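Below: the structure, in structure tokens.
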Amino acid sequence: MAEEVKTPSLEEEGKNFIHNFIDEDIAEGGQFQGLTVHTRFPPEPNGYLHIGHCKALCIDFGTAEKYDGLCNLRMDDTNPAKEDTEYVDAIQQDIHWLGFDWGDRFYYGSDYFEKDYEYAVELIKKGLAYICELTPEEFRANRGDIGVPATSPYRDRPVEENLRLFEMMKNGKVGEGKMTLRAKIDLASGNFNMRDPVIYRIRYINHHRQGTKWCIFPMYDFAHPIQDALEGITHSLCSLEYEDHRPLYDWVVSNVSIPYHKPRQIEFARLGIDHTVMSKRKLRQLVEEHYVSGWDDPRMPTLCGLRRRGYTAASIRNFCERIGVAKAPTTIEYGFLEYCLREDLNLTAERTMAVLHPVKLTVTNYPEGQNEAFSVENNPTDPAQGTHDITFSRHLWIEEEDFLEEPIPKYKRLYPGNEVRLKGAYLVRCTGCVKDAAGRVTEVLCEYDPESRGGNPADGRKVKGATIHWVDAANCLDAEVRLYENLFSDANPDAAPGGFLSVLNPDSLTVLTGCKVERAMAAVAEAFDRAENRTGVNAPTFQFMRNGYFCLDNRDCTANHLVFNRSVLLKDSFKK
């Protein structure tokens with residue numbers, strides 16, 4: 001199915017077809033009439049949650065909230081190859097950070113290994129499962145084709161022999177890959193998932209919770225419906241790739257003797273975002289081959305990476321709610337995710353001044369050694385956030401780009417003879433500059449108007465120059481600032497002819513040192529230094545006036561070494 005590139009509407013809400021189905025199910029005469037709506041979120045603990053999982057999270061937990069129901073959290077740890085308790089802990093942390101909770105309904109798929117085994121034995125006794133000795137190569141060769149049935153010479157094995165061989169598999173007396181247990185369904189089915197699928201395989205591997213107790217492991221398509229039914233799930237909400245697996249899901253819960261209702265599986269389209277990849281395998285490769293600094297690298301689409309970059313839980317949940325629930329695959333503009341963050345931070349982030357590419361500005365007619373304070377609003381959109389003081393003195397820092405010795409057309413910042421406003425302070429007129437031996441400007445010279453405190457001249461003259469930000473050189477701190485762009489230069493890295501690694505953006509990270517920030521940031525950093533579980537919460541976020549939104553880096557920032565990550569630019573690239 002071709003993907004549609006989608007620009008979400010900010011005015012229209014999409015119809016949620018899942019809720020329509022649930023409304024039918026719980027209505028009078030519906031299959032779940034009188035039952036509590038019960039969903040589950042079943043991540044595999046083999047990596048960190050990413051923005052794609054957020055859609056499923058919001059659907060599973062959000063649906064339970066809407067219907068005053070329940071949502072379980074279940075670790076799908078039936079495939080032990082890449083699973084680890086590190087990921088289990090991280091998944092729980094991320095879900096809580098988003099604002100969802102599962103109460104006491106936390107489970108592991110491996111909790112049901114004994115039950116899975118019992119139901120597999122039951123299927124064998126019913127003549128609905130058999131031991132197959134085809135090698136993986138032979139299995140593929142005998143799978144058949146459209147109009148050509150699959151084959152297996154082991155399909156008609158006697159029940160007693162199947163039970164004996166399955167017991168041998170369980171007891172570790174069969175080599176890995178030598179035997180599998182297959183469901184006996186329909187070798188001629190047009191749905192290849194129903195052509196006697198494998199439901200158990202042998203793996204001699206250590207399980208993160210079960211150790212070496214088990215050497216046979218149930219396949220997801222067998223274990224998952226059993227787990228759902230045992231937990232009393234009414235609606236098993238999953239992504240679209242499981243649509244063709246739904247007949248197998250229904251077959252399993254219909255043919256084992258679970259004394260509960262049969263859950264209903266409903267599929268929805270996965271979330272796609274341009275300029276990123278969502279495959280756990282690819283994200284793992286980026287981490288393990290050191291293309292990024294870790295799972296929480298701010299360029300990664302993982303929740304811990306987005307949190308480290310300054311994304312808020314509210315912005316991500318708002319993003320997921322606004323894109324809606326679709327049946328057809330769509331790709332969303334990354335700019336829309338940025339829009340949701342910018343919208344949230346505009347209301348909550350404190351304004352401060354920071355200079356990223358500093359050049360000295362000397363106010364030549366301001367007395368040496370003198371300083372004064374100005375009060376500035378913390379957030380003009382919310383007066384309740386109060387004000388804070390900044391100091392002003394003879395020597396300031398301004399942005400390098402705010403001065404040109406020879407101005408270009410329409411340039412309204414500092415150049416010899418031009419007058420501008422210093423944000424919240426005074427009007428200044430540029431009188432010249434100082435250069436080093438290489439001709440580089442090292443100092444900009446200006447004179448201030450003492451009668452223009454607050455930026456308003458006493459004589460009422462109109463100032464055509466821009467308003468620029470600044471930092472007091474006598475009362476500021478050095479900081480490291482990290483500027484992030486998309487990790488991939490191609491909008492669809494998965495389809496890049498040379499592979500997704502071939503379109504890594506070499507400019508996805510720029511590190512600036514020697515940036516200048518207000519001294520008040522020291523107290524903020526000291527408080528954050530003392531915070532518990534720094535990586536699991538949002539670090540303080542600020543709007544650096546004229547530059548964008550920035551947050552303290554939740555790993556590397558200390559009171560003695562300020563590190564800020566750019567979360568998002570002020571300029572909105574999203575096409576509404």
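Chain labels run A, B, ... following the order of the structure tokens; each chain numbers its residues from 1, and ligands are numbered from 1 in the order shown.
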DSSP strand (DSSP E) selection over range 183-415 of chain A, as an MDAnalysis selection string: chainID A and resid 183 198:202 216:218 235:239 264:268 271:273 330:332 350:352 354:355 358:363 371:377 387:393 395:399
Fewer than 4 positions away in the same chain doesn't count, so skip those; otherwise give me all residues within 8 Å of range 162-170 of chain A, counting only C-alpha atoms, as an MDAnalysis selection string. chainID A and resid 121 124:125 130:131 157:158 174 179 181 202 214:216
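Counting only C-alpha atoms, the residue from A:Leu240, A:Ala229, A:Ala141, A:Cys515 that sits nearest to Lys262 in chain A is A:Ala229.
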Which one of A:Ile408, A:Ala531, A:Ala466, A:Ile233 sits closest to Arg74 in chain A if you count only C-alpha atoms?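 Distance minimum relative to Arg74 in chain A lands on A:Ile233.
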List as a list of chain:residue names the protein and nucleic acid residues near Arg308 in chain A, meaning an atom at most 7 Å away when only C-alpha atoms are counted, but skip any in the same chain fewer than 6 places from it.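 Result of the neighbour search: A:Asp296, A:Pro298, A:Asp553, A:Asn554.
Near Lys516 in chain A, within 9 Å and counting only C-alpha atoms, sit A:Met353, A:Ala354, A:Val355, A:Leu356, A:His357, A:Pro358, A:Trp397, A:Val471, A:Asp472, A:Ala473, A:Cys476, A:Leu477, A:Asp478, A:Ala479, A:Glu480; same-chain residues fewer than 4 positions away were not included.
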Any chance you can output those residues with C-alpha atoms as a PDB file, in the first residue's frame?
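Output file part_25.pdb is given in full below:
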```
ATOM      1  CA  MET A 353      19.035  36.205  26.804  1.00  0.00           C
ATOM      2  CA  ALA A 354      21.928  34.164  25.472  1.00  0.00           C
ATOM      3  CA  VAL A 355      24.520  34.997  22.826  1.00  0.00           C
ATOM      4  CA  LEU A 356      25.644  32.015  20.749  1.00  0.00           C
ATOM      5  CA  HIS A 357      28.283  33.683  18.530  1.00  0.00           C
ATOM      6  CA  PRO A 358      29.561  36.450  20.802  1.00  0.00           C
ATOM      7  CA  TRP A 397      28.115  40.608  24.372  1.00  0.00           C
ATOM      8  CA  VAL A 471      24.332  39.752  27.738  1.00  0.00           C
ATOM      9  CA  ASP A 472      26.259  41.739  30.341  1.00  0.00           C
ATOM     10  CA  ALA A 473      29.940  40.765  29.933  1.00  0.00           C
ATOM     11  CA  CYS A 476      27.429  36.230  32.565  1.00  0.00           C
ATOM     12  CA  LEU A 477      28.553  32.613  32.252  1.00  0.00           C
ATOM     13  CA  ASP A 478      30.155  30.573  29.499  1.00  0.00           C
ATOM     14  CA  ALA A 479      28.120  27.699  28.081  1.00  0.00           C
ATOM     15  CA  GLU A 480      28.309  24.957  25.496  1.00  0.00           C
TER      16      GLU A 480
END
```
Residues within 9 Å of Arg546 in chain A, please, as a PyMOL selection string. Count only C-alpha atoms; anything in the same chain fewer than 2 positions from it doesn't count. chain A and resi 353+468-469+543-544+548+569-570
Any chance you could list, as a PyMOL selection string, the residues in range 47-187 of chain A that come up alpha helix (DSSP H) when DSSP is run on the backbone? chain A and resi 51-66+85-98+113-125+136-141+159-170
Using only C-alpha atoms, which residue out of A:Asp389, A:Val253, A:Lys184, A:Glu400 lies closest to Val159 in chain A? A:Lys184
Which value, in Å to one decimal, gives the distance between CA of Asp77 in chain A and CA of Cys320 in chain A?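 Between CA of Asp77 in chain A and CA of Cys320 in chain A the gap is 26.3 Å.
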Would you kindly return, as a ChimeraX atom specification, each protein, DNA or RNA residue with an atom no farther than 6 Å from any atom of range 267-269 of chain A, considering only C-alpha atoms and excluding same-chain residues fewer than 6 positions away? /A:237-240,326-329
Neighbouring residues of Asp297 in chain A were defined as those with any atom within 12 Å, considering only C-alpha atoms; residues of the same chain fewer than 2 positions away were excluded. Please report them as a PyMOL selection string. chain A and resi 48+50+283+286-287+290-295+299-310+482+484+487+508-509+535+553-556+565
May I ask for the distance between CA of Pro225 in chain A and CA of Asp89 in chain A, given in Å to one decimal place?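 Calculated distance between CA of Pro225 in chain A and CA of Asp89 in chain A is 24.6 Å.
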